[in-house]
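Here's run35.cif, which has mmCIF, C-alpha atoms:
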data_query
loop_
_atom_site.label_atom_id
_atom_site.label_comp_id
_atom_site.auth_asym_id
_atom_site.auth_seq_id
_atom_site.Cartn_x
_atom_site.Cartn_y
_atom_site.Cartn_z
CA MET A 1 193.88 -116.50 108.28
CA SER A 2 190.93 -117.59 110.34
CA ASP A 3 191.63 -121.05 111.74
CA ASP A 4 195.08 -120.01 112.87
CA ASN A 5 194.43 -116.30 113.23
CA PRO A 6 197.32 -114.62 115.07
CA ILE A 7 195.06 -112.46 117.21
CA THR A 8 191.96 -114.47 118.02
CA ILE A 9 193.49 -117.93 118.27
CA GLN A 10 197.18 -117.59 118.98
CA VAL A 11 196.87 -114.47 121.18
CA LEU A 12 199.75 -112.64 119.53
CA GLY A 13 200.22 -108.99 118.72
CA ILE A 14 197.42 -107.69 120.88
CA CYS A 15 199.27 -104.55 121.96
CA SER A 16 199.23 -102.74 118.68
CA ALA A 17 195.92 -104.31 117.73
CA LEU A 18 194.28 -102.26 120.42
CA ALA A 19 196.30 -99.10 120.46
CA VAL A 20 195.73 -97.78 116.97
CA THR A 21 192.13 -98.82 116.48
CA VAL A 22 190.34 -95.65 117.56
CA LYS A 23 189.95 -94.61 113.92
CA LEU A 24 189.99 -96.61 110.69
CA GLU A 25 192.59 -94.57 108.85
CA PRO A 26 195.59 -95.05 111.16
CA THR A 27 194.54 -98.68 111.53
CA LEU A 28 194.79 -99.17 107.79
CA VAL A 29 198.26 -97.63 107.70
CA MET A 30 199.30 -99.78 110.63
CA SER A 31 198.04 -102.96 108.93
CA ILE A 32 199.97 -102.18 105.77
CA ALA A 33 203.10 -101.51 107.83
CA VAL A 34 202.75 -104.80 109.69
CA VAL A 35 202.10 -106.83 106.54
CA PHE A 36 205.18 -105.25 104.95
CA VAL A 37 207.41 -105.93 107.94
CA ILE A 38 206.19 -109.46 108.52
CA VAL A 39 206.56 -110.54 104.87
CA PHE A 40 210.05 -109.15 104.43
CA ALA A 41 211.25 -110.25 107.85
CA ASN A 42 210.01 -113.76 107.07
CA LEU A 43 211.78 -113.69 103.70
CA ILE A 44 215.09 -112.42 105.06
CA ILE A 45 215.21 -114.73 108.05
CA SER A 46 214.22 -117.66 105.88
CA LEU A 47 217.07 -116.88 103.50
CA MET A 48 219.52 -116.67 106.39
CA ARG A 49 218.09 -119.55 108.38
CA ASN A 50 221.04 -121.85 107.81
CA LEU A 51 223.58 -119.17 108.68
CA ILE A 52 222.17 -118.07 112.03
CA PRO A 53 223.66 -119.76 115.10
CA GLY A 54 220.88 -121.00 117.36
CA ARG A 55 222.03 -119.21 120.48
CA ILE A 56 221.92 -115.68 119.15
CA ARG A 57 218.96 -116.08 116.84
CA ILE A 58 216.69 -113.80 118.88
CA ILE A 59 219.14 -110.92 118.55
CA VAL A 60 219.57 -111.51 114.82
CA GLN A 61 215.79 -111.60 114.36
CA LEU A 62 215.35 -108.44 116.39
CA ALA A 63 218.01 -106.65 114.34
CA VAL A 64 216.34 -107.61 111.05
CA VAL A 65 212.90 -106.56 112.27
CA ALA A 66 214.22 -103.33 113.78
CA THR A 67 215.85 -102.40 110.47
CA LEU A 68 212.64 -103.00 108.54
CA VAL A 69 210.60 -101.03 111.05
CA THR A 70 213.06 -98.14 110.84
CA LEU A 71 212.51 -98.15 107.08
CA VAL A 72 208.74 -97.98 107.51
CA SER A 73 209.01 -95.25 110.11
CA GLU A 74 211.34 -93.08 107.99
CA PHE A 75 209.06 -93.62 104.99
CA LEU A 76 206.03 -92.45 106.97
CA LYS A 77 207.94 -89.48 108.30
CA ALA A 78 208.84 -88.45 104.76
CA TYR A 79 205.54 -88.99 102.96
CA SER A 80 202.83 -88.69 105.59
CA TYR A 81 204.05 -86.74 108.58
CA ASP A 82 200.56 -86.32 110.08
CA MET A 83 200.05 -90.06 110.13
CA TYR A 84 203.51 -90.48 111.64
CA LYS A 85 202.50 -88.22 114.52
CA VAL A 86 199.22 -90.09 115.07
CA LEU A 87 200.84 -93.51 115.16
CA GLY A 88 203.83 -92.20 117.11
CA ALA A 89 205.55 -94.79 119.21
CA TYR A 90 203.34 -97.60 117.96
CA VAL A 91 205.18 -97.88 114.67
CA GLY A 92 208.32 -98.57 116.66
CA LEU A 93 206.45 -101.13 118.66
CA ILE A 94 205.99 -103.33 115.60
CA ILE A 95 209.50 -104.51 116.52
CA THR A 96 208.25 -106.14 119.66
CA ASN A 97 204.97 -107.20 118.08
CA CYS A 98 204.85 -110.84 118.98
CA ILE A 99 203.25 -111.77 115.65
CA VAL A 100 206.41 -110.89 113.80
CA MET A 101 208.73 -112.61 116.25
CA GLY A 102 206.37 -115.53 116.61
CA ARG A 103 206.20 -116.21 112.88
CA LEU A 104 209.94 -115.83 112.48
CA GLU A 105 210.63 -118.24 115.28
CA ALA A 106 207.92 -120.76 114.42
CA PHE A 107 207.94 -120.69 110.63
CA ALA A 108 210.70 -118.79 108.86
CA MET A 109 213.50 -120.47 110.81
CA ALA A 110 212.46 -123.84 109.42
CA ASN A 111 210.96 -123.24 105.98
CA LYS A 112 211.87 -122.20 102.45
CA PRO A 113 211.69 -118.50 101.43
CA TYR A 114 208.63 -118.88 99.18
CA ASP A 115 206.57 -120.64 101.85
CA SER A 116 207.71 -118.08 104.38
CA ILE A 117 206.43 -115.21 102.23
CA LEU A 118 203.04 -116.91 101.96
CA ASP A 119 203.00 -117.52 105.70
CA GLY A 120 203.86 -113.86 106.29
CA LEU A 121 201.08 -112.71 103.99
CA GLY A 122 198.56 -115.00 105.68
CA SER A 123 199.45 -113.90 109.22
CA GLY A 124 199.66 -110.27 108.15
CA PHE A 125 196.21 -110.24 106.59
CA GLY A 126 194.76 -112.26 109.45
CA TYR A 127 196.04 -109.54 111.74
CA ALA A 128 194.82 -106.77 109.44
CA TRP A 129 191.21 -107.84 109.16
CA ILE A 130 190.78 -108.23 112.89
CA ILE A 131 192.16 -104.80 113.75
CA LEU A 132 190.18 -103.23 110.91
CA THR A 133 186.98 -104.77 112.26
CA VAL A 134 187.74 -103.54 115.77
CA ALA A 135 188.51 -100.08 114.39
CA PHE A 136 185.30 -100.06 112.36
CA PHE A 137 183.12 -100.61 115.40
CA ARG A 138 185.12 -98.28 117.62
CA GLU A 139 184.97 -95.43 115.14
CA LEU A 140 181.32 -96.05 114.29
CA LEU A 141 180.11 -96.17 117.88
CA GLY A 142 182.68 -93.86 119.43
CA SER A 143 182.81 -91.02 116.92
CA GLY A 144 179.80 -91.84 114.75
CA SER A 145 181.90 -91.85 111.60
CA ILE A 146 183.64 -94.11 109.09
CA PHE A 147 186.97 -92.92 107.68
CA ASP A 148 186.12 -89.54 109.27
CA PHE A 149 182.89 -89.39 107.27
CA LYS A 150 180.04 -88.54 109.65
CA ILE A 151 177.74 -91.35 108.63
CA PHE A 152 174.92 -90.73 111.04
CA GLU A 153 174.71 -87.02 110.25
CA ALA A 154 174.65 -87.89 106.57
CA ILE A 155 171.52 -90.01 106.93
CA GLY A 156 169.86 -87.31 109.02
CA TRP A 157 170.25 -88.87 112.46
CA THR A 158 171.98 -85.94 114.16
CA THR A 159 171.15 -87.00 117.69
CA PHE A 160 173.12 -90.26 117.49
CA PRO A 161 174.59 -90.80 120.96
CA THR A 162 178.34 -91.40 120.59
CA ASN A 163 179.77 -93.69 123.21
CA GLY A 164 182.78 -92.16 124.95
CA LEU A 165 183.93 -95.53 126.27
CA MET A 166 184.51 -96.72 122.71
CA VAL A 167 187.09 -94.01 122.08
CA ASP A 168 188.69 -94.94 125.39
CA SER A 169 190.92 -97.97 125.85
CA ILE A 170 188.12 -99.96 127.46
CA GLY A 171 186.11 -100.05 124.26
CA ALA A 172 188.93 -101.85 122.52
CA PHE A 173 189.04 -104.62 125.11
CA VAL A 174 185.32 -105.17 125.00
CA VAL A 175 185.00 -105.08 121.20
CA LEU A 176 187.92 -107.46 120.79
CA GLY A 177 186.54 -109.77 123.49
CA ILE A 178 183.20 -110.00 121.71
CA LEU A 179 184.89 -110.44 118.35
CA ILE A 180 186.92 -113.34 119.72
CA TRP A 181 183.77 -114.85 121.13
CA ILE A 182 182.00 -114.70 117.76
CA GLN A 183 184.98 -115.99 115.84
CA ARG A 184 185.59 -118.89 118.19
CA SER A 185 181.94 -119.86 118.34
CA LYS A 186 181.92 -120.06 114.56
CA SER A 187 185.17 -121.98 114.23
CA GLY A 188 184.36 -124.19 117.22
CA TYR A 189 187.74 -123.59 118.84
CA VAL A 190 187.67 -124.13 122.59
CA GLU A 191 190.48 -123.28 124.96
CA HIS A 192 191.13 -125.55 127.92
CA MET B 1 207.46 -84.25 144.51
CA GLU B 2 207.33 -84.23 140.73
CA VAL B 3 209.33 -87.46 140.70
CA PHE B 4 206.78 -89.22 142.89
CA ASN B 5 203.98 -87.87 140.78
CA ILE B 6 205.52 -89.35 137.65
CA ALA B 7 205.81 -92.74 139.30
CA LEU B 8 202.25 -92.51 140.57
CA ARG B 9 200.93 -91.53 137.15
CA GLY B 10 202.84 -94.42 135.61
CA ILE B 11 201.34 -96.89 138.05
CA PHE B 12 197.71 -95.86 138.03
CA ILE B 13 196.74 -93.39 135.34
CA ASP B 14 199.07 -94.10 132.42
CA ASN B 15 199.05 -97.79 133.25
CA MET B 16 200.96 -99.73 130.61
CA ILE B 17 198.19 -102.26 130.21
CA PHE B 18 194.99 -100.30 130.57
CA ALA B 19 195.95 -97.02 128.95
CA TYR B 20 198.51 -98.01 126.33
CA TYR B 21 197.86 -101.73 125.81
CA LEU B 22 201.56 -102.48 126.04
CA GLY B 23 202.85 -105.85 127.11
CA MET B 24 199.48 -107.42 126.37
CA CYS B 25 200.94 -110.60 124.93
CA SER B 26 202.69 -111.68 128.10
CA PHE B 27 199.91 -110.11 130.17
CA LEU B 28 197.43 -112.53 128.62
CA ALA B 29 199.71 -115.53 128.26
CA VAL B 30 201.29 -115.57 131.72
CA SER B 31 198.31 -114.62 133.86
CA LYS B 32 196.91 -118.09 134.46
CA LYS B 33 198.52 -118.50 137.88
CA VAL B 34 199.32 -115.88 140.49
CA GLU B 35 202.70 -117.40 141.23
CA THR B 36 204.08 -117.14 137.71
CA ALA B 37 202.42 -113.77 137.21
CA PHE B 38 204.27 -112.56 140.30
CA GLY B 39 207.60 -113.72 138.85
CA LEU B 40 207.04 -112.05 135.51
CA GLY B 41 205.80 -108.86 137.14
CA LEU B 42 208.88 -108.66 139.32
CA ALA B 43 211.19 -109.21 136.37
CA VAL B 44 209.43 -106.46 134.41
CA VAL B 45 209.75 -103.96 137.27
CA PHE B 46 213.44 -104.81 137.53
CA VAL B 47 214.25 -104.52 133.85
CA LEU B 48 212.18 -101.38 133.28
CA THR B 49 213.74 -99.51 136.19
CA LEU B 50 217.15 -100.18 134.66
CA THR B 51 216.56 -99.84 130.92
CA VAL B 52 214.64 -96.57 130.87
CA PRO B 53 217.46 -94.51 132.46
CA VAL B 54 220.10 -96.29 130.35
CA ASN B 55 218.16 -95.54 127.19
CA TRP B 56 217.80 -91.98 128.41
CA LEU B 57 221.59 -91.64 128.58
CA LEU B 58 221.86 -93.13 125.11
CA GLN B 59 219.27 -90.75 123.69
CA GLU B 60 220.78 -87.72 125.39
CA TYR B 61 224.46 -88.33 124.64
CA VAL B 62 224.46 -90.33 121.40
CA LEU B 63 221.24 -90.27 119.42
CA LYS B 64 219.70 -86.80 119.74
CA GLU B 65 220.47 -84.14 117.18
CA GLY B 66 223.66 -82.43 118.28
CA ALA B 67 224.08 -84.93 121.11
CA LEU B 68 227.62 -85.82 120.12
CA THR B 69 229.02 -82.34 120.80
CA TRP B 70 230.58 -83.64 124.02
CA ILE B 71 233.11 -85.47 121.86
CA ASP B 72 233.83 -82.66 119.46
CA GLY B 73 232.12 -79.39 118.57
CA SER B 74 232.04 -80.26 114.89
CA PHE B 75 229.59 -83.13 115.45
CA GLU B 76 226.83 -80.62 116.11
CA SER B 77 224.83 -81.35 112.97
CA ILE B 78 224.80 -85.12 113.38
CA ASP B 79 221.34 -86.58 114.00
CA LEU B 80 221.29 -90.28 114.71
CA THR B 81 217.63 -90.50 115.69
CA PHE B 82 216.93 -92.96 112.90
CA LEU B 83 219.06 -95.51 114.79
CA GLN B 84 216.80 -95.19 117.81
CA PHE B 85 214.85 -98.44 117.40
CA ILE B 86 217.89 -100.60 116.81
CA MET B 87 219.89 -99.04 119.63
CA PHE B 88 217.04 -99.25 122.15
CA ILE B 89 216.27 -102.85 121.34
CA ALA B 90 219.96 -103.74 121.58
CA VAL B 91 220.18 -102.09 124.99
CA ILE B 92 217.09 -103.91 126.16
CA ALA B 93 218.32 -107.30 124.95
CA SER B 94 221.70 -106.86 126.58
CA MET B 95 220.24 -105.47 129.81
CA VAL B 96 217.97 -108.48 130.06
CA GLN B 97 220.96 -110.73 129.58
CA LEU B 98 222.88 -108.79 132.24
CA VAL B 99 220.04 -108.85 134.73
CA GLU B 100 219.70 -112.57 134.14
CA MET B 101 223.37 -113.17 134.95
CA ILE B 102 223.29 -110.95 138.03
CA ILE B 103 220.20 -112.62 139.45
CA GLU B 104 221.63 -116.06 138.75
CA LYS B 105 224.75 -115.13 140.70
CA LEU B 106 223.12 -113.33 143.61
CA SER B 107 219.90 -115.21 144.15
CA PRO B 108 219.56 -118.64 142.57
CA ALA B 109 216.13 -119.03 144.20
CA LEU B 110 214.72 -115.94 142.50
CA TYR B 111 216.41 -116.99 139.27
CA GLY B 112 214.70 -120.36 139.45
CA SER B 113 211.29 -118.80 139.95
CA LEU B 114 211.72 -116.26 137.15
CA GLY B 115 213.02 -118.95 134.82
CA ILE B 116 211.89 -118.57 131.25
CA PHE B 117 210.33 -115.14 131.80
CA LEU B 118 213.54 -113.17 131.88
CA PRO B 119 214.59 -113.80 128.27
CA LEU B 120 210.99 -113.30 127.15
CA ILE B 121 211.01 -109.78 128.54
CA ALA B 122 213.31 -108.66 125.73
CA VAL B 123 210.37 -108.85 123.36
CA ASN B 124 207.82 -107.39 125.77
CA CYS B 125 206.41 -104.25 124.18
CA ALA B 126 206.05 -102.55 127.55
CA ILE B 127 209.82 -102.27 127.84
CA LEU B 128 210.47 -100.73 124.44
CA GLY B 129 207.28 -98.69 124.76
CA SER B 130 208.35 -97.01 128.00
CA SER B 131 211.67 -96.03 126.46
CA LEU B 132 209.93 -94.52 123.44
CA PHE B 133 207.39 -92.68 125.60
CA MET B 134 210.21 -91.46 127.84
CA VAL B 135 211.78 -89.78 124.79
CA GLN B 136 208.45 -88.24 123.77
CA LYS B 137 207.84 -86.84 127.24
CA ASP B 138 211.22 -85.13 127.61
CA TYR B 139 212.08 -86.31 131.13
CA ASN B 140 215.38 -85.78 132.90
CA ILE B 141 217.27 -88.84 134.13
CA ILE B 142 215.71 -89.05 137.60
CA GLU B 143 212.24 -88.60 136.19
CA ALA B 144 213.04 -91.23 133.59
CA ALA B 145 214.06 -93.73 136.27
CA SER B 146 210.92 -93.04 138.27
CA TYR B 147 208.81 -93.35 135.14
CA GLY B 148 210.43 -96.71 134.39
CA PHE B 149 209.76 -97.96 137.89
CA GLY B 150 206.20 -96.62 137.86
CA SER B 151 205.18 -98.22 134.62
CA GLY B 152 206.83 -101.50 135.66
CA PHE B 153 204.95 -101.50 138.92
CA GLY B 154 201.70 -100.71 137.15
CA PHE B 155 202.21 -103.77 134.97
CA PHE B 156 203.03 -105.82 138.07
CA LEU B 157 199.78 -104.81 139.80
CA ALA B 158 197.68 -105.41 136.72
CA ILE B 159 199.03 -108.87 135.94
CA ILE B 160 198.71 -110.10 139.52
CA ALA B 161 195.15 -108.84 139.77
CA LEU B 162 194.20 -110.50 136.51
CA ALA B 163 195.86 -113.77 137.49
CA ALA B 164 193.94 -113.82 140.77
CA ILE B 165 190.65 -113.28 138.94
CA ARG B 166 191.45 -115.98 136.39
CA GLU B 167 192.23 -118.49 139.14
CA LYS B 168 188.78 -117.91 140.59
CA LEU B 169 187.25 -118.00 137.14
CA LYS B 170 188.18 -121.66 136.68
CA TYR B 171 185.19 -122.61 138.78
CA SER B 172 182.61 -120.59 136.93
CA MET B 173 180.45 -121.40 133.95
CA VAL B 174 181.75 -119.52 130.94
CA PRO B 175 180.24 -120.00 127.46
CA SER B 176 182.62 -122.25 125.56
CA GLY B 177 183.45 -119.76 122.82
CA LEU B 178 184.25 -117.13 125.40
CA LYS B 179 186.55 -119.36 127.45
CA GLY B 180 190.16 -118.31 127.81
CA LEU B 181 191.03 -115.28 125.76
CA GLY B 182 187.54 -113.89 125.24
CA ILE B 183 186.51 -113.66 128.87
CA THR B 184 189.98 -112.40 129.76
CA MET B 185 189.61 -109.51 127.35
CA LEU B 186 186.24 -108.58 128.83
CA ILE B 187 187.65 -108.72 132.36
CA THR B 188 190.58 -106.58 131.32
CA GLY B 189 188.11 -104.05 129.99
CA LEU B 190 186.27 -103.97 133.31
CA MET B 191 189.55 -103.65 135.22
CA GLY B 192 190.52 -100.78 132.93
CA LEU B 193 187.23 -99.13 133.80
CA ALA B 194 188.08 -99.44 137.48
CA PHE B 195 191.54 -97.96 136.92
CA LYS B 196 189.91 -94.97 135.22
CA ALA B 197 188.76 -93.94 138.68
CA PHE B 198 192.34 -92.92 139.50
CA ILE B 199 192.42 -90.15 136.90
CA GLY B 200 193.34 -86.88 138.48
CA ILE B 201 195.09 -88.13 141.59
CA ALA B 202 198.38 -86.42 142.40
CA LEU B 203 200.51 -85.94 145.46
#

structure tokens encoding of this file:
Amino acid sequence: MSDDNPITIQVLGICSALAVTVKLEPTLVMSIAVVFVIVFANLIISLMRNLIPGRIRIIVQLAVVATLVTLVSEFLKAYSYDMYKVLGAYVGLIITNCIVMGRLEAFAMANKPYDSILDGLGSGFGYAWIILTVAFFRELLGSGSIFDFKIFEAIGWTTFPTNGLMVDSIGAFVVLGILIWIQRSKSGYVEH
Amino acid sequence: MEVFNIALRGIFIDNMIFAYYLGMCSFLAVSKKVETAFGLGLAVVFVLTLTVPVNWLLQEYVLKEGALTWIDGSFESIDLTFLQFIMFIAVIASMVQLVEMIIEKLSPALYGSLGIFLPLIAVNCAILGSSLFMVQKDYNIIEAASYGFGSGFGFFLAIIALAAIREKLKYSMVPSGLKGLGITMLITGLMGLAFKAFIGIAL
């Protein structure tokens, strides 16, 4: 989860990490969706790993992931339509999230189902905590709230200056950049 | 005019990288050298310009609610939208394969320089993302093609610019924890800030 974190060390799955992190709530839904997809995709591919011909494995993997993502998307549409509208195209983009493909290719194709589930859980949660942290800072500094609860107004600081850049895409890049810096300084990982 | 405006918006304002964060994985991984970045950028422009209109046809004549009426009037109530993800990704994967074969036949030199990047494009979120956005925005087919080209070209510009900066960056002192990904993220943020200046331009 931290030494081999998909986002800060392996540089995978950045797209969705940034897109949904304006507020904490959609980020939480997104994390759950990704954990679900990654665990089940890992399990299914791992079960089929001896049946898949090497040359068409990418297509098979994509088909499995696309089916799972369709499930998630239909589920959201049925039970939480507002959230479905907020996340919009980004749910669909879990398909091309490199974390999922990366784990399938690197781990599930070569390991037993049980190990693959654990690997999926680990990568999924590693992904989740990073995007939740990014979302926390972006919502706090950009909208002055946490889970839509106006925290600064609640403690009586009504003049808190919200930072428009944090709501914008740029905030995400900067917050993530700093987060990576902190995480790598602590773990001592250096890129050459 | 509207067609040009869509392309222009795709390139500068709704830039795939800076506004939607799509295609970040390859954007970060392949931007270490200008030469390779150029190859990937070109391949993305190529594939996007083709897949977006093809997916448009698919959406319009197969997937949309009531889209199958051109076969028979009784298909009016059929809604295949839930197949959208699988169909789009299948189209993208096969288009990439097709483009790869065509380039190999027509221009072995270009094929050699694109190399590994072509197959990788199938899992680039920018490609699937543009198709999904195209559906959301309700374009017609010409607008869809120009949107595909525009967003591809925006990606092309962004990745080349970043690669050029990173080549220069090799000679500067960067704190060790910030090396590589960290400093790249910060630079991307600054570039995004610069691209914000284009908001509001139109022909």

### chain B residues near chain A (9 Å cut-off, only C-alpha atoms) as a ChimeraX atom specification
/B:17-25,28-29,82-86,89-90,93,122-126,128-129,132-133,136,175-193

The selected residues should be written to file as a compact mmCIF listing (two decimals), keeping the file's coordinate frame (atoms: C-alpha atoms).
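Saved result, out19.txt, follows:
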# COMPACT_ATOMS: atom_id res chain seq x y z
CA ILE B 17 198.19 -102.26 130.21
CA PHE B 18 194.99 -100.30 130.57
CA ALA B 19 195.95 -97.02 128.95
CA TYR B 20 198.51 -98.01 126.33
CA TYR B 21 197.86 -101.73 125.81
CA LEU B 22 201.56 -102.48 126.04
CA GLY B 23 202.85 -105.85 127.11
CA MET B 24 199.48 -107.42 126.37
CA CYS B 25 200.94 -110.60 124.93
CA LEU B 28 197.43 -112.53 128.62
CA ALA B 29 199.71 -115.53 128.26
CA PHE B 82 216.93 -92.96 112.90
CA LEU B 83 219.06 -95.51 114.79
CA GLN B 84 216.80 -95.19 117.81
CA PHE B 85 214.85 -98.44 117.40
CA ILE B 86 217.89 -100.60 116.81
CA ILE B 89 216.27 -102.85 121.34
CA ALA B 90 219.96 -103.74 121.58
CA ALA B 93 218.32 -107.30 124.95
CA ALA B 122 213.31 -108.66 125.73
CA VAL B 123 210.37 -108.85 123.36
CA ASN B 124 207.82 -107.39 125.77
CA CYS B 125 206.41 -104.25 124.18
CA ALA B 126 206.05 -102.55 127.55
CA LEU B 128 210.47 -100.73 124.44
CA GLY B 129 207.28 -98.69 124.76
CA LEU B 132 209.93 -94.52 123.44
CA PHE B 133 207.39 -92.68 125.60
CA GLN B 136 208.45 -88.24 123.77
CA PRO B 175 180.24 -120.00 127.46
CA SER B 176 182.62 -122.25 125.56
CA GLY B 177 183.45 -119.76 122.82
CA LEU B 178 184.25 -117.13 125.40
CA LYS B 179 186.55 -119.36 127.45
CA GLY B 180 190.16 -118.31 127.81
CA LEU B 181 191.03 -115.28 125.76
CA GLY B 182 187.54 -113.89 125.24
CA ILE B 183 186.51 -113.66 128.87
CA THR B 184 189.98 -112.40 129.76
CA MET B 185 189.61 -109.51 127.35
CA LEU B 186 186.24 -108.58 128.83
CA ILE B 187 187.65 -108.72 132.36
CA THR B 188 190.58 -106.58 131.32
CA GLY B 189 188.11 -104.05 129.99
CA LEU B 190 186.27 -103.97 133.31
CA MET B 191 189.55 -103.65 135.22
CA GLY B 192 190.52 -100.78 132.93
CA LEU B 193 187.23 -99.13 133.80

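Each of B:Phe88, B:Tyr61, B:Ala194, B:Ile127 was checked against Phe75 in chain B using only C-alpha atoms; the smallest atom-to-atom distance is that of B:Tyr61.
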
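From CA of Thr27 in chain A back to CA of Ser46 in chain A, the distance works out to 27.9 Å.
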
### Task
Please write as a ChimeraX atom specification the full residue list that the PyMOL selection byres ((chain B and resi 152) around 8) yields on this file.
/B:11,16,41,44-46,48-49,148-151,153-156

### Query
Just how far from CA of Leu63 in chain B is CA of Leu80 in chain B, in Å to one decimal?
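Between these atoms lies a distance of 4.7 Å.
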
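Residue nearest Val100 in chain A within the list A:Leu141, A:Met83, A:Leu43, A:Leu76: A:Leu43 [criterion: smallest interatomic distance, only C-alpha atoms].
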
### Query
Hey, what's within 9 Å of Phe125 in chain A if we count only C-alpha atoms and toss same-chain stuff fewer than 4 positions away? As a PyMOL selection string, please?
chain A and resi 1+31-32+35+120-121+129-130

#### Entry: Hits of the PyMOL selection byres ((chain B and resi 163-168) around 8) in this structure, as a ChimeraX atom specification
/B:31-34,37,159-162,169-172,184
